[in-house]
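What follows is the content of input.cif, which has mmCIF, C-alpha atoms:
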data_final
#
loop_
_atom_site.label_atom_id
_atom_site.label_comp_id
_atom_site.auth_asym_id
_atom_site.auth_seq_id
_atom_site.Cartn_x
_atom_site.Cartn_y
_atom_site.Cartn_z
CA MET G 1 118.59 77.33 104.12
CA ASP G 2 118.61 78.29 107.79
CA GLU G 3 118.41 81.91 106.65
CA LYS G 4 114.79 81.62 105.51
CA PRO G 5 112.20 83.36 107.61
CA GLU G 6 109.23 81.18 108.53
CA THR G 7 106.79 80.96 105.65
CA GLY G 8 103.06 81.44 105.79
CA HIS G 9 103.23 84.81 107.54
CA THR G 10 101.86 87.38 105.13
CA HIS G 11 101.91 90.06 107.84
CA ARG G 12 104.66 90.32 110.45
CA LYS G 13 104.21 93.23 112.81
CA ALA G 14 107.02 95.52 113.85
CA GLN G 15 107.92 95.18 117.52
CA PRO G 16 109.71 97.66 119.80
CA GLY G 17 113.47 98.02 119.33
CA TYR G 18 113.62 97.22 115.62
CA ARG G 19 112.51 93.65 116.02
CA TRP G 20 109.82 91.82 114.05
CA GLU G 21 107.30 89.06 114.69
CA ASN G 22 108.55 85.67 113.47
CA VAL G 23 111.97 87.02 112.50
CA GLU G 24 114.96 85.54 114.27
CA LEU G 25 117.67 87.77 115.75
CA ARG G 26 121.02 86.47 114.51
CA PRO G 27 124.65 87.30 115.01
CA TYR G 28 126.09 89.51 112.24
CA LYS G 29 128.32 86.73 110.97
CA GLU G 30 127.98 83.21 112.22
CA ASP G 31 131.73 82.64 112.28
CA GLU G 32 132.89 85.90 113.82
CA ARG G 33 130.63 86.34 116.82
CA ALA G 34 133.38 87.46 119.12
CA LEU G 35 134.66 90.16 116.78
CA PHE G 36 131.35 91.76 115.87
CA ARG G 37 129.09 91.16 118.82
CA THR G 38 127.89 94.78 118.54
CA ILE G 39 125.97 93.90 115.37
CA THR G 40 122.81 91.87 114.85
CA ARG G 41 121.15 90.69 111.67
CA GLN G 42 117.52 89.89 110.92
CA VAL G 43 116.55 88.35 107.59
CA LEU G 44 113.26 90.08 106.76
CA PHE G 45 112.58 88.60 103.34
CA SER G 46 114.16 85.54 101.74
CA ASP G 47 112.07 83.35 99.48
CA PRO G 48 112.73 80.94 96.61
CA ASP G 49 110.46 83.12 94.41
CA MET G 50 112.50 86.29 95.10
CA HIS G 51 115.82 87.07 93.44
CA GLY G 52 116.75 89.52 96.18
CA GLU G 53 116.94 89.25 99.97
CA LEU G 54 116.22 92.01 102.44
CA ARG G 55 118.02 92.04 105.78
CA TYR G 56 118.05 94.46 108.72
CA PHE G 57 121.37 95.13 110.46
CA ASP G 58 121.69 96.92 113.74
CA ILE G 59 125.07 98.24 114.89
CA ALA G 60 125.34 99.30 118.53
CA GLU G 61 126.84 102.66 119.55
CA GLY G 62 130.49 102.76 118.54
CA GLY G 63 130.28 99.48 116.62
CA PHE G 64 131.21 98.79 113.02
CA SER G 65 130.82 96.22 110.25
CA THR G 66 133.64 94.31 108.55
CA LEU G 67 135.73 96.26 106.05
CA GLU G 68 135.25 94.10 102.96
CA ARG G 69 134.45 93.96 99.27
CA HIS G 70 132.76 91.48 96.91
CA GLU G 71 131.22 91.18 93.50
CA HIS G 72 127.63 91.52 94.68
CA MET G 73 126.15 94.94 95.30
CA HIS G 74 124.52 96.32 98.41
CA ALA G 75 121.52 98.63 98.32
CA VAL G 76 121.08 100.18 101.76
CA VAL G 77 118.28 102.23 103.33
CA ILE G 78 119.18 103.69 106.74
CA LEU G 79 116.32 103.13 109.19
CA ARG G 80 117.53 104.58 112.47
CA GLY G 81 120.33 106.33 114.28
CA ARG G 82 123.45 108.04 113.04
CA GLY G 83 126.78 106.96 111.71
CA ARG G 84 129.21 107.06 108.85
CA CYS G 85 130.11 104.76 106.01
CA LEU G 86 133.15 104.24 103.85
CA ILE G 87 132.30 103.46 100.21
CA GLY G 88 135.51 103.11 98.20
CA HIS G 89 137.51 106.15 99.26
CA GLU G 90 134.48 108.23 100.23
CA VAL G 91 133.39 108.80 103.82
CA ARG G 92 129.77 109.88 104.26
CA GLU G 93 127.62 110.82 107.25
CA VAL G 94 124.33 108.93 107.10
CA ALA G 95 120.93 109.62 108.63
CA PRO G 96 117.52 107.90 108.62
CA HIS G 97 116.11 107.10 105.16
CA ASP G 98 119.35 107.96 103.35
CA LEU G 99 120.16 105.60 100.48
CA VAL G 100 123.63 104.09 100.12
CA THR G 101 124.79 102.11 97.07
CA VAL G 102 127.82 99.85 97.40
CA PRO G 103 128.89 98.95 93.83
CA ALA G 104 130.65 95.69 92.94
CA TRP G 105 134.19 95.26 94.28
CA THR G 106 134.07 98.42 96.38
CA TRP G 107 135.58 98.48 99.88
CA HIS G 108 132.91 99.38 102.43
CA GLN G 109 132.33 99.65 106.14
CA PHE G 110 129.49 101.04 108.27
CA ARG G 111 130.15 102.63 111.66
CA ALA G 112 127.57 103.70 114.23
CA ALA G 113 128.10 107.05 115.93
CA ALA G 114 129.74 106.94 119.38
CA ALA G 115 126.46 107.69 121.13
CA GLU G 116 123.84 106.30 118.72
CA PRO G 117 123.12 102.94 117.11
CA LEU G 118 122.89 102.61 113.34
CA GLY G 119 120.17 100.43 111.85
CA PHE G 120 119.65 99.79 108.15
CA LEU G 121 117.94 97.63 105.56
CA CYS G 122 120.28 95.95 103.09
CA LEU G 123 119.12 94.48 99.79
CA VAL G 124 121.36 91.88 98.13
CA ASN G 125 121.03 89.26 95.41
CA ALA G 126 119.87 85.90 96.75
CA THR G 127 122.88 84.23 95.09
CA ARG G 128 126.10 86.03 95.85
CA ASP G 129 129.85 85.63 96.27
CA LYS G 130 131.86 85.56 99.50
CA PRO G 131 133.39 88.82 100.76
CA GLN G 132 137.12 89.54 100.46
CA LEU G 133 139.04 91.07 103.35
CA PRO G 134 141.73 93.71 102.73
CA THR G 135 145.39 92.73 102.64
CA GLU G 136 147.98 94.89 104.40
CA ALA G 137 148.71 96.46 101.00
CA ASP G 138 145.01 97.23 100.44
CA LEU G 139 144.80 98.88 103.87
CA ALA G 140 147.92 100.94 103.22
CA GLU G 141 146.48 102.09 99.89
CA LEU G 142 143.15 103.03 101.50
CA LYS G 143 144.85 104.91 104.35
CA ARG G 144 146.85 107.06 101.96
CA GLN G 145 143.74 109.26 101.89
CA PRO G 146 143.57 111.16 105.19
CA GLN G 147 139.78 110.97 105.54
CA VAL G 148 139.88 107.19 105.06
CA ALA G 149 142.70 106.82 107.59
CA GLU G 150 140.69 108.90 110.07
CA PHE G 151 137.56 106.83 109.46
CA LEU G 152 139.31 103.48 109.84
CA GLY G 153 141.10 104.62 112.97
CA SER G 154 137.99 106.02 114.65
CA MET S 155 115.17 101.61 80.99
CA ASP S 156 113.72 104.96 82.05
CA GLU S 157 113.15 103.42 85.47
CA LYS S 158 116.84 103.49 86.40
CA PRO S 159 117.90 106.00 89.02
CA GLU S 160 120.89 108.12 88.00
CA THR S 161 124.08 106.19 88.49
CA GLY S 162 127.23 107.36 90.21
CA HIS S 163 125.46 108.45 93.39
CA THR S 164 126.70 106.22 96.17
CA HIS S 165 124.91 108.34 98.79
CA ARG S 166 121.51 109.92 98.21
CA LYS S 167 120.22 111.84 101.19
CA ALA S 168 116.66 111.62 102.43
CA GLN S 169 114.73 114.85 101.95
CA PRO S 170 111.60 116.07 103.76
CA GLY S 171 108.29 114.44 102.79
CA TYR S 172 109.66 111.02 101.85
CA ARG S 173 111.63 112.25 98.88
CA TRP S 174 115.24 111.50 98.02
CA GLU S 175 118.11 113.29 96.30
CA ASN S 176 118.43 112.28 92.64
CA VAL S 177 115.31 110.11 92.70
CA GLU S 178 112.50 111.07 90.35
CA LEU S 179 108.92 111.30 91.61
CA ARG S 180 106.75 109.32 89.19
CA PRO S 181 103.08 108.53 88.76
CA TYR S 182 102.07 105.16 90.26
CA LYS S 183 101.35 103.70 86.82
CA GLU S 184 102.31 105.53 83.67
CA ASP S 185 99.12 104.51 81.88
CA GLU S 186 96.58 105.15 84.61
CA ARG S 187 97.47 108.58 85.91
CA ALA S 188 93.91 109.76 86.15
CA LEU S 189 92.74 106.75 88.14
CA PHE S 190 95.49 106.65 90.72
CA ARG S 191 96.68 110.23 91.06
CA THR S 192 96.74 109.79 94.85
CA ILE S 193 99.79 107.52 94.55
CA THR S 194 103.39 108.27 93.68
CA ARG S 195 106.31 105.96 93.02
CA GLN S 196 110.03 106.48 93.46
CA VAL S 197 112.50 103.88 92.21
CA LEU S 198 115.18 103.86 94.92
CA PHE S 199 117.40 101.07 93.62
CA SER S 200 117.46 99.54 90.15
CA ASP S 201 120.75 98.39 88.71
CA PRO S 202 121.86 95.83 86.12
CA ASP S 203 123.97 94.14 88.84
CA MET S 204 120.97 93.71 91.17
CA HIS S 205 118.34 90.99 90.72
CA GLY S 206 115.83 92.93 92.81
CA GLU S 207 114.45 96.47 92.65
CA LEU S 208 113.41 98.60 95.58
CA ARG S 209 110.67 101.18 95.11
CA TYR S 210 108.91 103.58 97.50
CA PHE S 211 105.16 104.10 97.07
CA ASP S 212 103.22 106.82 98.78
CA ILE S 213 99.42 106.67 98.92
CA ALA S 214 97.63 109.86 99.98
CA GLU S 215 94.92 109.85 102.66
CA GLY S 216 91.96 107.78 101.48
CA GLY S 217 93.82 106.53 98.39
CA PHE S 218 94.40 102.95 97.27
CA SER S 219 96.47 100.87 94.89
CA THR S 220 95.13 98.67 92.07
CA LEU S 221 93.53 95.39 93.10
CA GLU S 222 95.68 92.95 91.11
CA ARG S 223 97.68 89.74 91.12
CA HIS S 224 100.73 88.42 89.26
CA GLU S 225 103.34 85.72 89.34
CA HIS S 226 106.05 87.88 90.94
CA MET S 227 106.11 88.39 94.69
CA HIS S 228 106.07 91.63 96.65
CA ALA S 229 108.07 92.11 99.84
CA VAL S 230 106.82 95.26 101.57
CA VAL S 231 108.14 97.28 104.52
CA ILE S 232 105.75 99.98 105.72
CA LEU S 233 107.64 103.25 106.26
CA ARG S 234 105.00 105.75 107.33
CA GLY S 235 101.36 106.33 108.11
CA ARG S 236 98.49 103.96 108.61
CA GLY S 237 96.32 101.85 106.41
CA ARG S 238 95.09 98.40 105.56
CA CYS S 239 95.95 95.80 102.99
CA LEU S 240 94.15 92.92 101.37
CA ILE S 241 96.36 89.87 100.80
CA GLY S 242 94.30 87.05 99.29
CA HIS S 243 91.22 86.98 101.52
CA GLU S 244 92.96 88.51 104.54
CA VAL S 245 92.54 92.13 105.57
CA ARG S 246 95.28 93.48 107.84
CA GLU S 247 95.89 96.82 109.57
CA VAL S 248 99.44 97.98 108.91
CA ALA S 249 101.72 100.34 110.78
CA PRO S 250 105.30 101.62 110.32
CA HIS S 251 107.97 98.93 109.90
CA ASP S 252 105.44 96.11 109.54
CA LEU S 253 106.41 93.51 106.93
CA VAL S 254 103.90 92.34 104.31
CA THR S 255 104.51 89.41 101.94
CA VAL S 256 102.40 89.12 98.81
CA PRO S 257 102.93 85.59 97.46
CA ALA S 258 102.66 84.70 93.76
CA TRP S 259 99.18 84.94 92.22
CA THR S 260 97.62 86.48 95.32
CA TRP S 261 95.08 89.31 94.99
CA HIS S 262 96.30 92.38 96.84
CA GLN S 263 95.49 96.01 97.43
CA PHE S 264 96.87 98.68 99.78
CA ARG S 265 94.66 101.43 101.18
CA ALA S 266 95.74 104.47 103.17
CA ALA S 267 93.68 105.41 106.21
CA ALA S 268 91.09 108.16 105.67
CA ALA S 269 93.18 110.71 107.58
CA GLU S 270 96.75 109.43 107.06
CA PRO S 271 98.96 108.64 104.10
CA LEU S 272 100.55 105.22 103.71
CA GLY S 273 104.14 104.97 102.51
CA PHE S 274 106.04 101.75 101.95
CA LEU S 275 109.10 100.17 100.40
CA CYS S 276 108.37 97.38 97.92
CA LEU S 277 110.97 94.85 96.81
CA VAL S 278 110.34 92.99 93.54
CA ASN S 279 112.35 90.94 91.08
CA ALA S 280 113.98 93.04 88.37
CA THR S 281 112.37 90.82 85.71
CA ARG S 282 108.69 90.27 86.34
CA ASP S 283 105.34 89.59 84.70
CA LYS S 284 102.49 92.02 84.10
CA PRO S 285 99.69 92.24 86.69
CA GLN S 286 96.25 90.71 86.08
CA LEU S 287 93.09 92.62 86.98
CA PRO S 288 90.11 90.82 88.54
CA THR S 289 87.17 89.77 86.36
CA GLU S 290 83.61 90.31 87.59
CA ALA S 291 83.65 86.65 88.67
CA ASP S 292 86.89 87.14 90.62
CA LEU S 293 85.40 90.17 92.38
CA ALA S 294 82.22 88.30 93.24
CA GLU S 295 84.27 85.43 94.68
CA LEU S 296 86.40 87.82 96.76
CA LYS S 297 83.35 89.70 98.06
CA ARG S 298 81.73 86.52 99.30
CA GLN S 299 83.83 87.07 102.42
CA PRO S 300 82.27 89.95 104.41
CA GLN S 301 85.61 91.45 105.54
CA VAL S 302 86.83 91.54 101.93
CA ALA S 303 83.58 93.13 100.71
CA GLU S 304 83.88 95.75 103.45
CA PHE S 305 87.53 96.44 102.54
CA LEU S 306 86.87 96.78 98.81
CA GLY S 307 83.85 99.00 99.41
CA SER S 308 85.63 101.31 101.88
#
Now that the file is in, can you turn its structure into structure tokens?
Amino acid sequence: MDEKPETGHTHRKAQPGYRWENVELRPYKEDERALFRTITRQVLFSDPDMHGELRYFDIAEGGFSTLERHEHMHAVVILRGRGRCLIGHEVREVAPHDLVTVPAWTWHQFRAAAAEPLGFLCLVNATRDKPQLPTEADLAELKRQPQVAEFLGS
Amino acid sequence: MDEKPETGHTHRKAQPGYRWENVELRPYKEDERALFRTITRQVLFSDPDMHGELRYFDIAEGGFSTLERHEHMHAVVILRGRGRCLIGHEVREVAPHDLVTVPAWTWHQFRAAAAEPLGFLCLVNATRDKPQLPTEADLAELKRQPQVAEFLGS
């Protein structure tokens, strides 16, 4: 419930630095602040009448999101910066307005470039399952592919 | 069903002119091509596993969307250009990255500026009702407010 943006604002203006009027800047994950302090999250749209939620994530230069998988999908639109993402065993360079689909149960991670932040919109279902983290065996399996090992070690 | 983007593309690159790889450019409304030929629609994300759909609409200079209302909500992120929107009885100037919420059963219309296109992402529920058009009485009621009359006549 604390994720809801304030209601009654039909128009919320963009502000400098990928911030928005009446949208709270939050840590990436409430329980892992220390690990991922290079990422922020803003919930742009979340409403009882909507079956999807739209969030904006911003990863600072050199930062990265959790390597995880879950049943729910992600639909991502890159908004700013440069970086790479791992989707399953594929590593892709991403640029503004690129679209990235993370299918169900697919390992994924987003990494900002060393010298540029990476900001993106992420659409998810309003009701969704909790992410799974990789086991040592999962990591070993992923790293069998050289490009994945390079990505995860970068 | 013909609205689905091709599947199997986890990464679809942005192309010049607010187009995307493997995303079809469609008329705004299949049944009203002649009326709204200044608008195009691209379905960016639509998947059986997602409860929301994300579309990109592009309105050419001086163009406008249908004045309509419906039960389902719209969650809009402006991507490019300039324009105005009517949400209920409110007229707002919009600029890139502004957020616009169209609540249930609220009259709405988007208009591009005379000399600039207006492009925006629009999140909706995957299952949704058909829009209603205003009756003469609805229009008269809306136009009782001078700023709405000015907007609709522009």
Taking only C-alpha atoms into account, what are the residues of chain S at most 10 Å from chain G, put as a PDB file with C-alpha atoms, in the frame of the given file?
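Saved to part-v7.pdb:
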ATOM      1  CA  THR S 161     124.080 106.190  88.490  1.00  0.00           C
ATOM      2  CA  GLY S 162     127.230 107.360  90.210  1.00  0.00           C
ATOM      3  CA  HIS S 163     125.460 108.450  93.390  1.00  0.00           C
ATOM      4  CA  THR S 164     126.700 106.220  96.170  1.00  0.00           C
ATOM      5  CA  HIS S 165     124.910 108.340  98.790  1.00  0.00           C
ATOM      6  CA  ARG S 166     121.510 109.920  98.210  1.00  0.00           C
ATOM      7  CA  LYS S 167     120.220 111.840 101.190  1.00  0.00           C
ATOM      8  CA  ALA S 168     116.660 111.620 102.430  1.00  0.00           C
ATOM      9  CA  GLN S 169     114.730 114.850 101.950  1.00  0.00           C
ATOM     10  CA  TYR S 172     109.660 111.020 101.850  1.00  0.00           C
ATOM     11  CA  ARG S 173     111.630 112.250  98.880  1.00  0.00           C
ATOM     12  CA  TRP S 174     115.240 111.500  98.020  1.00  0.00           C
ATOM     13  CA  GLU S 175     118.110 113.290  96.300  1.00  0.00           C
ATOM     14  CA  LEU S 198     115.180 103.860  94.920  1.00  0.00           C
ATOM     15  CA  PHE S 199     117.400 101.070  93.620  1.00  0.00           C
ATOM     16  CA  SER S 200     117.460  99.540  90.150  1.00  0.00           C
ATOM     17  CA  ASP S 201     120.750  98.390  88.710  1.00  0.00           C
ATOM     18  CA  ASP S 203     123.970  94.140  88.840  1.00  0.00           C
ATOM     19  CA  MET S 204     120.970  93.710  91.170  1.00  0.00           C
ATOM     20  CA  HIS S 205     118.340  90.990  90.720  1.00  0.00           C
ATOM     21  CA  GLY S 206     115.830  92.930  92.810  1.00  0.00           C
ATOM     22  CA  GLU S 207     114.450  96.470  92.650  1.00  0.00           C
ATOM     23  CA  LEU S 208     113.410  98.600  95.580  1.00  0.00           C
ATOM     24  CA  GLU S 225     103.340  85.720  89.340  1.00  0.00           C
ATOM     25  CA  HIS S 226     106.050  87.880  90.940  1.00  0.00           C
ATOM     26  CA  MET S 227     106.110  88.390  94.690  1.00  0.00           C
ATOM     27  CA  HIS S 228     106.070  91.630  96.650  1.00  0.00           C
ATOM     28  CA  ALA S 229     108.070  92.110  99.840  1.00  0.00           C
ATOM     29  CA  VAL S 230     106.820  95.260 101.570  1.00  0.00           C
ATOM     30  CA  VAL S 231     108.140  97.280 104.520  1.00  0.00           C
ATOM     31  CA  ILE S 232     105.750  99.980 105.720  1.00  0.00           C
ATOM     32  CA  LEU S 233     107.640 103.250 106.260  1.00  0.00           C
ATOM     33  CA  CYS S 239      95.950  95.800 102.990  1.00  0.00           C
ATOM     34  CA  ILE S 241      96.360  89.870 100.800  1.00  0.00           C
ATOM     35  CA  GLY S 242      94.300  87.050  99.290  1.00  0.00           C
ATOM     36  CA  GLU S 244      92.960  88.510 104.540  1.00  0.00           C
ATOM     37  CA  VAL S 245      92.540  92.130 105.570  1.00  0.00           C
ATOM     38  CA  ARG S 246      95.280  93.480 107.840  1.00  0.00           C
ATOM     39  CA  GLU S 247      95.890  96.820 109.570  1.00  0.00           C
ATOM     40  CA  VAL S 248      99.440  97.980 108.910  1.00  0.00           C
ATOM     41  CA  ALA S 249     101.720 100.340 110.780  1.00  0.00           C
ATOM     42  CA  PRO S 250     105.300 101.620 110.320  1.00  0.00           C
ATOM     43  CA  HIS S 251     107.970  98.930 109.900  1.00  0.00           C
ATOM     44  CA  ASP S 252     105.440  96.110 109.540  1.00  0.00           C
ATOM     45  CA  LEU S 253     106.410  93.510 106.930  1.00  0.00           C
ATOM     46  CA  VAL S 254     103.900  92.340 104.310  1.00  0.00           C
ATOM     47  CA  THR S 255     104.510  89.410 101.940  1.00  0.00           C
ATOM     48  CA  VAL S 256     102.400  89.120  98.810  1.00  0.00           C
ATOM     49  CA  PRO S 257     102.930  85.590  97.460  1.00  0.00           C
ATOM     50  CA  ALA S 258     102.660  84.700  93.760  1.00  0.00           C
ATOM     51  CA  LEU S 275     109.100 100.170 100.400  1.00  0.00           C
ATOM     52  CA  LEU S 277     110.970  94.850  96.810  1.00  0.00           C
ATOM     53  CA  VAL S 278     110.340  92.990  93.540  1.00  0.00           C
ATOM     54  CA  ASN S 279     112.350  90.940  91.080  1.00  0.00           C
ATOM     55  CA  ALA S 280     113.980  93.040  88.370  1.00  0.00           C
ATOM     56  CA  THR S 281     112.370  90.820  85.710  1.00  0.00           C
TER      57      THR S 281
END
### Task
Could you tell me how far CA of Ile59 (chain G) lies from CA of Thr106 (chain G), in Å and to one decimal?
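Distance between the two atoms: 20.6 Å.
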Mind fitting chain G to chain S by least squares on all Cα atoms in order and giving back the moved coordinates as a compact mmCIF listing (two decimals) with C-alpha atoms, in the coordinates of the input?
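Result written to result_27.txt:
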# COMPACT_ATOMS: atom_id res chain seq x y z
CA MET G 1 115.24 101.66 81.03
CA ASP G 2 113.68 104.96 82.07
CA GLU G 3 113.14 103.40 85.49
CA LYS G 4 116.83 103.48 86.40
CA PRO G 5 117.89 105.99 89.00
CA GLU G 6 120.89 108.09 87.99
CA THR G 7 124.10 106.16 88.50
CA GLY G 8 127.23 107.36 90.22
CA HIS G 9 125.45 108.45 93.40
CA THR G 10 126.70 106.22 96.18
CA HIS G 11 124.92 108.35 98.79
CA ARG G 12 121.51 109.93 98.21
CA LYS G 13 120.22 111.85 101.19
CA ALA G 14 116.66 111.62 102.43
CA GLN G 15 114.73 114.85 101.95
CA PRO G 16 111.60 116.07 103.77
CA GLY G 17 108.30 114.42 102.81
CA TYR G 18 109.67 111.01 101.86
CA ARG G 19 111.62 112.26 98.90
CA TRP G 20 115.24 111.51 98.01
CA GLU G 21 118.11 113.29 96.30
CA ASN G 22 118.45 112.27 92.64
CA VAL G 23 115.32 110.11 92.71
CA GLU G 24 112.51 111.08 90.38
CA LEU G 25 108.92 111.31 91.61
CA ARG G 26 106.76 109.31 89.21
CA PRO G 27 103.10 108.55 88.78
CA TYR G 28 102.08 105.17 90.26
CA LYS G 29 101.38 103.71 86.84
CA GLU G 30 102.34 105.52 83.69
CA ASP G 31 99.16 104.51 81.89
CA GLU G 32 96.60 105.12 84.62
CA ARG G 33 97.46 108.56 85.92
CA ALA G 34 93.90 109.72 86.13
CA LEU G 35 92.72 106.72 88.15
CA PHE G 36 95.49 106.64 90.73
CA ARG G 37 96.68 110.19 91.05
CA THR G 38 96.73 109.75 94.85
CA ILE G 39 99.79 107.49 94.55
CA THR G 40 103.39 108.28 93.69
CA ARG G 41 106.31 105.97 93.02
CA GLN G 42 110.04 106.50 93.47
CA VAL G 43 112.50 103.89 92.21
CA LEU G 44 115.18 103.86 94.92
CA PHE G 45 117.39 101.07 93.63
CA SER G 46 117.47 99.55 90.15
CA ASP G 47 120.76 98.39 88.71
CA PRO G 48 121.88 95.85 86.11
CA ASP G 49 123.98 94.15 88.84
CA MET G 50 120.96 93.70 91.16
CA HIS G 51 118.33 91.00 90.70
CA GLY G 52 115.82 92.93 92.80
CA GLU G 53 114.46 96.47 92.63
CA LEU G 54 113.42 98.60 95.56
CA ARG G 55 110.67 101.19 95.11
CA TYR G 56 108.91 103.58 97.49
CA PHE G 57 105.16 104.10 97.07
CA ASP G 58 103.22 106.82 98.77
CA ILE G 59 99.42 106.67 98.91
CA ALA G 60 97.62 109.85 99.96
CA GLU G 61 94.91 109.84 102.65
CA GLY G 62 91.98 107.76 101.47
CA GLY G 63 93.82 106.51 98.38
CA PHE G 64 94.42 102.95 97.28
CA SER G 65 96.49 100.85 94.88
CA THR G 66 95.14 98.67 92.07
CA LEU G 67 93.53 95.39 93.09
CA GLU G 68 95.67 92.96 91.10
CA ARG G 69 97.67 89.75 91.10
CA HIS G 70 100.73 88.42 89.24
CA GLU G 71 103.35 85.73 89.35
CA HIS G 72 106.04 87.89 90.93
CA MET G 73 106.10 88.41 94.67
CA HIS G 74 106.07 91.63 96.64
CA ALA G 75 108.07 92.12 99.83
CA VAL G 76 106.82 95.25 101.57
CA VAL G 77 108.15 97.28 104.51
CA ILE G 78 105.75 99.99 105.71
CA LEU G 79 107.64 103.25 106.25
CA ARG G 80 105.00 105.75 107.33
CA GLY G 81 101.36 106.33 108.10
CA ARG G 82 98.48 103.96 108.60
CA GLY G 83 96.30 101.85 106.41
CA ARG G 84 95.08 98.40 105.56
CA CYS G 85 95.94 95.80 102.99
CA LEU G 86 94.13 92.92 101.38
CA ILE G 87 96.36 89.87 100.79
CA GLY G 88 94.29 87.05 99.30
CA HIS G 89 91.22 86.98 101.52
CA GLU G 90 92.95 88.51 104.54
CA VAL G 91 92.53 92.13 105.59
CA ARG G 92 95.27 93.49 107.84
CA GLU G 93 95.88 96.82 109.57
CA VAL G 94 99.44 97.97 108.91
CA ALA G 95 101.73 100.34 110.77
CA PRO G 96 105.30 101.64 110.30
CA HIS G 97 107.97 98.93 109.89
CA ASP G 98 105.44 96.11 109.53
CA LEU G 99 106.41 93.52 106.93
CA VAL G 100 103.91 92.35 104.32
CA THR G 101 104.51 89.42 101.94
CA VAL G 102 102.40 89.14 98.81
CA PRO G 103 102.93 85.59 97.46
CA ALA G 104 102.66 84.70 93.76
CA TRP G 105 99.19 84.95 92.21
CA THR G 106 97.62 86.48 95.30
CA TRP G 107 95.07 89.30 94.99
CA HIS G 108 96.31 92.38 96.84
CA GLN G 109 95.49 96.01 97.44
CA PHE G 110 96.87 98.67 99.79
CA ARG G 111 94.65 101.42 101.19
CA ALA G 112 95.75 104.46 103.17
CA ALA G 113 93.67 105.40 106.21
CA ALA G 114 91.08 108.16 105.69
CA ALA G 115 93.18 110.69 107.57
CA GLU G 116 96.75 109.44 107.06
CA PRO G 117 98.96 108.65 104.08
CA LEU G 118 100.54 105.22 103.70
CA GLY G 119 104.14 104.98 102.51
CA PHE G 120 106.05 101.76 101.94
CA LEU G 121 109.11 100.17 100.39
CA CYS G 122 108.38 97.38 97.92
CA LEU G 123 110.98 94.85 96.80
CA VAL G 124 110.34 93.00 93.53
CA ASN G 125 112.36 90.93 91.07
CA ALA G 126 113.97 93.05 88.36
CA THR G 127 112.36 90.82 85.70
CA ARG G 128 108.69 90.28 86.34
CA ASP G 129 105.33 89.59 84.71
CA LYS G 130 102.47 92.02 84.09
CA PRO G 131 99.68 92.25 86.68
CA GLN G 132 96.25 90.72 86.08
CA LEU G 133 93.09 92.62 86.99
CA PRO G 134 90.10 90.81 88.53
CA THR G 135 87.17 89.76 86.37
CA GLU G 136 83.61 90.30 87.59
CA ALA G 137 83.63 86.64 88.69
CA ASP G 138 86.88 87.13 90.64
CA LEU G 139 85.40 90.17 92.40
CA ALA G 140 82.21 88.30 93.25
CA GLU G 141 84.27 85.44 94.69
CA LEU G 142 86.40 87.83 96.76
CA LYS G 143 83.34 89.71 98.07
CA ARG G 144 81.71 86.52 99.32
CA GLN G 145 83.83 87.08 102.44
CA PRO G 146 82.28 89.95 104.41
CA GLN G 147 85.60 91.47 105.53
CA VAL G 148 86.83 91.55 101.92
CA ALA G 149 83.58 93.12 100.72
CA GLU G 150 83.89 95.76 103.45
CA PHE G 151 87.51 96.45 102.54
CA LEU G 152 86.85 96.78 98.82
CA GLY G 153 83.85 99.00 99.41
CA SER G 154 85.62 101.32 101.84
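Each of S:Arg195, S:Asp283, S:Ser219, S:His243 was checked against Arg298 (chain S) using only C-alpha atoms; the smallest atom-to-atom distance is that of S:His243.
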#### Entry: Option closest in space to Ile39 (chain G), from G:Ala112, G:Leu133, G:Leu67, G:Val23 [counting all atoms listed in the file]
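Going through G:Ala112, G:Leu133, G:Leu67, G:Val23 one by one, the smallest distance to Ile39 (chain G) is for G:Ala112.
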### Query
For the atom pair CA of Asp212 (chain S) and CA of Pro271 (chain S), what is the interatomic distance in Å to one decimal place?
7.1 Å
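What separates CA of Gly62 (chain G) from CA of Arg128 (chain G) is a distance of 28.5 Å.
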### Message
Which residue is closest to Trp105 (chain G)? Choose from G:Glu68, G:Glu61, G:Glu24, G:Glu150 and count only C-alpha atoms.
### Response
G:Glu68
For this file, the PyMOL selection byres ((chain G and resi 26) around 6) selects which residues, as a PDB file with C-alpha atoms, in the frame of the given file?
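Result written to result_13.pdb:
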ATOM      1  CA  LEU G  25     117.670  87.770 115.750  1.00  0.00           C
ATOM      2  CA  PRO G  27     124.650  87.300 115.010  1.00  0.00           C
ATOM      3  CA  THR G  40     122.810  91.870 114.850  1.00  0.00           C
ATOM      4  CA  ARG G  41     121.150  90.690 111.670  1.00  0.00           C
TER       5      ARG G  41
END
### Message
Under the rule that all atoms listed in the file are counted, which of S:Gly273, S:Phe218, S:Lys183, S:Tyr210 is the nearest residue to Gly235 (chain S)?
### Response
S:Gly273
Just the residues within 9 Å of Thr66 (chain G), please, counting all atoms listed in the file, with nothing from its chain fewer than 3 positions along; format it as a tab-separated table (two decimals) with C-alpha atoms, in the frame of the given file.
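Below is the file that was written, selection21.tsv:
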chain	number	residue	atom	x	y	z
G	36	PHE	CA	131.35	91.76	115.87
G	108	HIS	CA	132.91	99.38	102.43
G	109	GLN	CA	132.33	99.65	106.14
G	110	PHE	CA	129.49	101.04	108.27
G	133	LEU	CA	139.04	91.07	103.35
